[in-house]
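First comes the structure, then the notes that go with it.
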Amino acid sequence: MKLPHLLLGISVTMGTGSALGQPKVRFFFDQNGVGEQEDRGVGDLFFENPVADGAERFYLYGQFLSRTVSTWQGIGLDIEVTGGGVITAWNIYNHNMADGFTRWAGVDNKVGGTLTSKVDDIFMGIPYFGMQLKDAETIDFKHFRNHQEDQITAFGNTLLGYIDVSSNGSPYSEVRLGIGAAGIAAKEGGAIGQGIAFGFGDEDAGIKGDSFGMQSPIADATIIPEPATLLSALAAAGAVWVSRRRRPVGRVPGRPARSDGRQPSLVHR
């Protein structure tokens, strides 16, 4: 049974002309991260749209872009790969916080391990703590860090999970985040769909928490195999094709062998 979709009622009352201003939260990928219950340590990130060289793990983060709109209690996401690449596995974290609570009371579509081009309707909701900036340094001590942010335009980031991607033999693929069917809801702001950024570079795209199905206009990550990796994949695919086309070299049942052990030619001369 699906968790309640927090924003379905909100979108009806909001209308389309609400002023959003700049995004209040960013969701992005990075190549650095740790396991679900592990401590991030220093936790330095690149803050750029990453590039995988064939098969790699992209960690999913949320970054606080506002101190006043900073309690994200429902996060619904889609993640899609286009261009031939695939997602091979994913895990949305629900790690242990302070005082024995997990971050979320539940996560829809939390984990998977089948090859797919799109993971639909991930939903992190009904929070014990949620993705919250207040007291994050002590309550979310494993996954929250703020030492790299400028405290003017960004105020900290927290680890949310990961996806594993593969080029699947394709020379170029793009990974995009999108607003899932549940939307993205903040505790602050009431019925206002808050501005959302995906990756880096789409801050003016007008994406908001109830822009259901909307994706970033630019890739939030790309998969570009190194030449050697791509050639190996193409060579493997070529070998399979050749093996299927090649005629068997063993004896054909029912035909006698020659005295020298060779089978008679199948072509009449």
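Residue numbers start at 1 in each chain; chains themselves are named A, B, ... in the order of the structure tokens; ligands are numbered from 1 in the order shown.
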- as number ranges by chain, list the residues of region 132-204 of chain A assigned to strand (DSSP E or B) by DSSP on the backbone atoms of this structure. A: 132, 144-145, 157-166, 173-186, 195-198
Would you give me, as CSV, each residue of region 179-233 of chain A having an atom within 12 Å of an atom of region 125-128 of chain A, along with its shortest atom pair and that distance in Å to one decimal, using only C-alpha atoms and sorting by chain and residue number?
```
residue,atom,partner,partner_atom,distance
A:Ala182,CA,A:Gly125,CA,9.4
A:Gly183,CA,A:Gly125,CA,10.6
A:Ile184,CA,A:Gly125,CA,9.6
A:Ala185,CA,A:Gly125,CA,9.4
A:Ala186,CA,A:Gly125,CA,10.9
A:Lys187,CA,A:Pro127,CA,10.8
```
Keeping N, CA and C atoms, export the residues of the selection given above as a PDB file, in the first residue's frame.
```pdb
ATOM      1  N   ALA A 182       3.999  11.964  -5.855  1.00  0.00           N
ATOM      2  CA  ALA A 182       3.656  12.469  -4.520  1.00  0.00           C
ATOM      3  C   ALA A 182       4.075  13.918  -4.322  1.00  0.00           C
ATOM      4  N   GLY A 183       4.878  14.464  -5.226  1.00  0.00           N
ATOM      5  CA  GLY A 183       5.374  15.816  -5.064  1.00  0.00           C
ATOM      6  C   GLY A 183       6.430  15.920  -3.979  1.00  0.00           C
ATOM      7  N   ILE A 184       6.846  17.149  -3.724  1.00  0.00           N
ATOM      8  CA  ILE A 184       7.856  17.435  -2.699  1.00  0.00           C
ATOM      9  C   ILE A 184       7.287  18.518  -1.789  1.00  0.00           C
ATOM     10  N   ALA A 185       7.153  18.207  -0.505  1.00  0.00           N
ATOM     11  CA  ALA A 185       6.442  19.098   0.415  1.00  0.00           C
ATOM     12  C   ALA A 185       7.331  19.535   1.568  1.00  0.00           C
ATOM     13  N   ALA A 186       7.251  20.820   1.882  1.00  0.00           N
ATOM     14  CA  ALA A 186       7.906  21.365   3.065  1.00  0.00           C
ATOM     15  C   ALA A 186       6.855  21.660   4.129  1.00  0.00           C
ATOM     16  N   LYS A 187       7.248  21.562   5.381  1.00  0.00           N
ATOM     17  CA  LYS A 187       6.340  21.894   6.480  1.00  0.00           C
ATOM     18  C   LYS A 187       5.973  23.362   6.445  1.00  0.00           C
TER      19      LYS A 187
END
```
- Name the residues in contact with Ala98 (chain A) at a cut-off of 9 Å, using only C-alpha atoms, excluding same-chain residues fewer than 6 positions from it; report them as an MDAnalysis selection string. chainID A and resid 138:141
- One-decimal distance in Å that lies between CA of Ala89 (chain A) and CA of Val111 (chain A): 7.4 Å
- Enumerate as JSON, numbers by chain all residues of region 6-167 of chain A assigned to alpha helix (DSSP H) by DSSP on the backbone, naming them with the chain letters and numbers the document uses. {"A": [8, 9, 10, 11, 12, 13, 14, 136, 137, 138, 139]}
Convert the current residue selection to file output with N, CA, C and O atoms, as a PDB file, in the first residue's frame.
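Result went into again.pdb, see below:
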```pdb
ATOM      1  N   LEU A   8      -1.177  15.984  -3.201  1.00  0.00           N
ATOM      2  CA  LEU A   8      -2.278  15.917  -4.152  1.00  0.00           C
ATOM      3  C   LEU A   8      -3.348  16.959  -3.837  1.00  0.00           C
ATOM      4  O   LEU A   8      -3.897  17.595  -4.727  1.00  0.00           O
ATOM      5  N   GLY A   9      -3.659  17.153  -2.566  1.00  0.00           N
ATOM      6  CA  GLY A   9      -4.634  18.172  -2.195  1.00  0.00           C
ATOM      7  C   GLY A   9      -4.075  19.566  -2.313  1.00  0.00           C
ATOM      8  O   GLY A   9      -4.784  20.515  -2.657  1.00  0.00           O
ATOM      9  N   ILE A  10      -2.791  19.729  -2.046  1.00  0.00           N
ATOM     10  CA  ILE A  10      -2.166  21.051  -2.096  1.00  0.00           C
ATOM     11  C   ILE A  10      -2.224  21.631  -3.495  1.00  0.00           C
ATOM     12  O   ILE A  10      -2.506  22.802  -3.693  1.00  0.00           O
ATOM     13  N   SER A  11      -1.961  20.786  -4.521  1.00  0.00           N
ATOM     14  CA  SER A  11      -1.894  21.302  -5.880  1.00  0.00           C
ATOM     15  C   SER A  11      -3.228  21.854  -6.342  1.00  0.00           C
ATOM     16  O   SER A  11      -3.291  22.742  -7.187  1.00  0.00           O
ATOM     17  N   VAL A  12      -4.326  21.353  -5.821  1.00  0.00           N
ATOM     18  CA  VAL A  12      -5.641  21.824  -6.230  1.00  0.00           C
ATOM     19  C   VAL A  12      -5.881  23.256  -5.760  1.00  0.00           C
ATOM     20  O   VAL A  12      -6.445  24.081  -6.472  1.00  0.00           O
ATOM     21  N   THR A  13      -5.430  23.581  -4.567  1.00  0.00           N
ATOM     22  CA  THR A  13      -5.710  24.902  -3.995  1.00  0.00           C
ATOM     23  C   THR A  13      -4.710  25.958  -4.413  1.00  0.00           C
ATOM     24  O   THR A  13      -4.947  27.146  -4.250  1.00  0.00           O
ATOM     25  N   MET A  14      -3.592  25.536  -4.978  1.00  0.00           N
ATOM     26  CA  MET A  14      -2.526  26.487  -5.201  1.00  0.00           C
ATOM     27  C   MET A  14      -2.720  27.348  -6.433  1.00  0.00           C
ATOM     28  O   MET A  14      -2.467  28.548  -6.408  1.00  0.00           O
ATOM     29  N   ALA A 136      20.174  19.802  12.888  1.00  0.00           N
ATOM     30  CA  ALA A 136      20.646  18.680  12.078  1.00  0.00           C
ATOM     31  C   ALA A 136      22.034  18.194  12.503  1.00  0.00           C
ATOM     32  O   ALA A 136      22.322  17.005  12.408  1.00  0.00           O
ATOM     33  N   GLU A 137      22.874  19.094  12.969  1.00  0.00           N
ATOM     34  CA  GLU A 137      24.232  18.684  13.330  1.00  0.00           C
ATOM     35  C   GLU A 137      24.240  17.660  14.463  1.00  0.00           C
ATOM     36  O   GLU A 137      25.132  16.822  14.540  1.00  0.00           O
ATOM     37  N   THR A 138      23.254  17.719  15.327  1.00  0.00           N
ATOM     38  CA  THR A 138      23.215  16.776  16.453  1.00  0.00           C
ATOM     39  C   THR A 138      22.253  15.625  16.211  1.00  0.00           C
ATOM     40  O   THR A 138      22.526  14.492  16.588  1.00  0.00           O
ATOM     41  N   ILE A 139      21.115  15.903  15.557  1.00  0.00           N
ATOM     42  CA  ILE A 139      20.123  14.853  15.342  1.00  0.00           C
ATOM     43  C   ILE A 139      20.485  13.980  14.139  1.00  0.00           C
ATOM     44  O   ILE A 139      20.352  12.762  14.175  1.00  0.00           O
TER      45      ILE A 139
END
```
- Query: To one decimal place, how far is CA of Asn32 (chain A) from CA of Phe101 (chain A) in Å?
  - Reply: 25.1 Å
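Nearest to Ile92 (chain A) of all the residues A:Thr222, A:Ser70, A:Gln37, A:Gln22 is A:Gln37, based on only C-alpha atoms.
The nearest approach to Gly161 (chain A) among the residues A:Lys24, A:Arg67, A:His95, A:His147, with only C-alpha atoms taken into account, belongs to A:His95.
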- Message: Excluding Phe27 (chain A) and its own-chain neighbours fewer than 4 positions away, which residues fall within 10 Å of it when counting only C-alpha atoms? Please give them as number ranges by chain.
- Response: A: 60-64, 77, 157-160, 177-178, 196-200, 220
Write the selection just made, keeping N, CA, C and O atoms, as a JSON list (two decimals), in the first residue's frame?
```
[["chain", "number", "residue", "atom", "x", "y", "z"],
["A", 60, "LEU", "N", 22.84, 10.17, -3.78],
["A", 60, "LEU", "CA", 21.80, 11.19, -3.84],
["A", 60, "LEU", "C", 21.84, 12.04, -2.58],
["A", 60, "LEU", "O", 21.83, 11.51, -1.46],
["A", 61, "TYR", "N", 21.84, 13.36, -2.76],
["A", 61, "TYR", "CA", 21.89, 14.30, -1.65],
["A", 61, "TYR", "C", 20.76, 15.31, -1.74],
["A", 61, "TYR", "O", 20.25, 15.62, -2.83],
["A", 62, "GLY", "N", 20.39, 15.84, -0.59],
["A", 62, "GLY", "CA", 19.52, 17.01, -0.51],
["A", 62, "GLY", "C", 20.31, 18.14, 0.11],
["A", 62, "GLY", "O", 21.04, 17.95, 1.09],
["A", 63, "GLN", "N", 20.18, 19.34, -0.46],
["A", 63, "GLN", "CA", 20.91, 20.51, 0.03],
["A", 63, "GLN", "C", 19.92, 21.61, 0.41],
["A", 63, "GLN", "O", 19.03, 21.95, -0.37],
["A", 64, "PHE", "N", 20.08, 22.15, 1.59],
["A", 64, "PHE", "CA", 19.20, 23.21, 2.08],
["A", 64, "PHE", "C", 19.62, 24.55, 1.47],
["A", 64, "PHE", "O", 20.75, 25.01, 1.67],
["A", 77, "LEU", "N", 10.29, 11.49, -5.73],
["A", 77, "LEU", "CA", 11.23, 11.66, -6.84],
["A", 77, "LEU", "C", 11.06, 10.56, -7.88],
["A", 77, "LEU", "O", 10.70, 9.42, -7.57],
["A", 157, "ASN", "N", 24.02, 20.03, 3.66],
["A", 157, "ASN", "CA", 23.51, 18.98, 2.79],
["A", 157, "ASN", "C", 23.44, 17.67, 3.56],
["A", 157, "ASN", "O", 24.12, 17.49, 4.57],
["A", 158, "THR", "N", 22.60, 16.76, 3.10],
["A", 158, "THR", "CA", 22.44, 15.48, 3.77],
["A", 158, "THR", "C", 22.31, 14.35, 2.76],
["A", 158, "THR", "O", 21.74, 14.54, 1.67],
["A", 159, "LEU", "N", 22.84, 13.20, 3.09],
["A", 159, "LEU", "CA", 22.85, 12.04, 2.21],
["A", 159, "LEU", "C", 21.49, 11.34, 2.26],
["A", 159, "LEU", "O", 20.96, 11.06, 3.34],
["A", 160, "LEU", "N", 20.93, 11.02, 1.07],
["A", 160, "LEU", "CA", 19.60, 10.42, 0.99],
["A", 160, "LEU", "C", 19.60, 9.00, 0.43],
["A", 160, "LEU", "O", 18.60, 8.29, 0.59],
["A", 177, "LEU", "N", 16.75, 13.77, -12.52],
["A", 177, "LEU", "CA", 15.80, 13.71, -11.42],
["A", 177, "LEU", "C", 14.51, 14.40, -11.85],
["A", 177, "LEU", "O", 14.54, 15.33, -12.67],
["A", 178, "GLY", "N", 13.39, 13.97, -11.28],
["A", 178, "GLY", "CA", 12.11, 14.59, -11.60],
["A", 178, "GLY", "C", 11.19, 14.57, -10.38],
["A", 178, "GLY", "O", 11.44, 13.84, -9.42],
["A", 196, "ILE", "N", 12.25, 24.10, -6.51],
["A", 196, "ILE", "CA", 13.13, 22.93, -6.41],
["A", 196, "ILE", "C", 14.22, 23.05, -7.47],
["A", 196, "ILE", "O", 13.96, 23.41, -8.62],
["A", 197, "ALA", "N", 15.46, 22.72, -7.10],
["A", 197, "ALA", "CA", 16.56, 22.61, -8.05],
["A", 197, "ALA", "C", 17.01, 21.15, -8.12],
["A", 197, "ALA", "O", 17.07, 20.46, -7.09],
["A", 198, "PHE", "N", 17.29, 20.68, -9.33],
["A", 198, "PHE", "CA", 17.84, 19.35, -9.54],
["A", 198, "PHE", "C", 19.24, 19.49, -10.13],
["A", 198, "PHE", "O", 19.41, 20.07, -11.21],
["A", 199, "GLY", "N", 20.23, 18.97, -9.45],
["A", 199, "GLY", "CA", 21.58, 19.13, -9.94],
["A", 199, "GLY", "C", 21.99, 20.59, -9.93],
["A", 199, "GLY", "O", 21.46, 21.41, -9.16],
["A", 200, "PHE", "N", 22.90, 20.93, -10.82],
["A", 200, "PHE", "CA", 23.46, 22.28, -10.85],
["A", 200, "PHE", "C", 23.27, 22.88, -12.24],
["A", 200, "PHE", "O", 23.65, 22.27, -13.23],
["A", 220, "ASP", "N", 21.40, 15.83, -14.86],
["A", 220, "ASP", "CA", 21.92, 15.94, -13.50],
["A", 220, "ASP", "C", 23.15, 15.05, -13.30],
["A", 220, "ASP", "O", 23.86, 15.19, -12.30]]
```
- Message: Which residues are near Gly43 (chain A)? Cut-off 8 Å, only C-alpha atoms, ignore same chain within fewer than 2 positions. Put them as a list of chain:residue names.
- Response: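 Neighbouring residues, sequence-local ones excluded: A:Asn32, A:Gly33, A:Arg40, A:Gly41, A:Leu45, A:Arg145.
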- Task: For Gln151 (chain A), list every protein, DNA or RNA residue within 9 Å, evaluated using only C-alpha atoms, and leave out those in the same chain fewer than 5 positions away; present the list as a list of chain:residue names.
- Result: A:Leu65, A:Asn146, A:Gly156
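We find CA of Gly85 (chain A) and CA of Ile179 (chain A) to be spaced 20.7 Å apart.
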- Pick from A:Val119, A:Met131, A:Val25, A:Ala221: nearest to Ile79 (chain A), with only C-alpha atoms counted? A:Val119
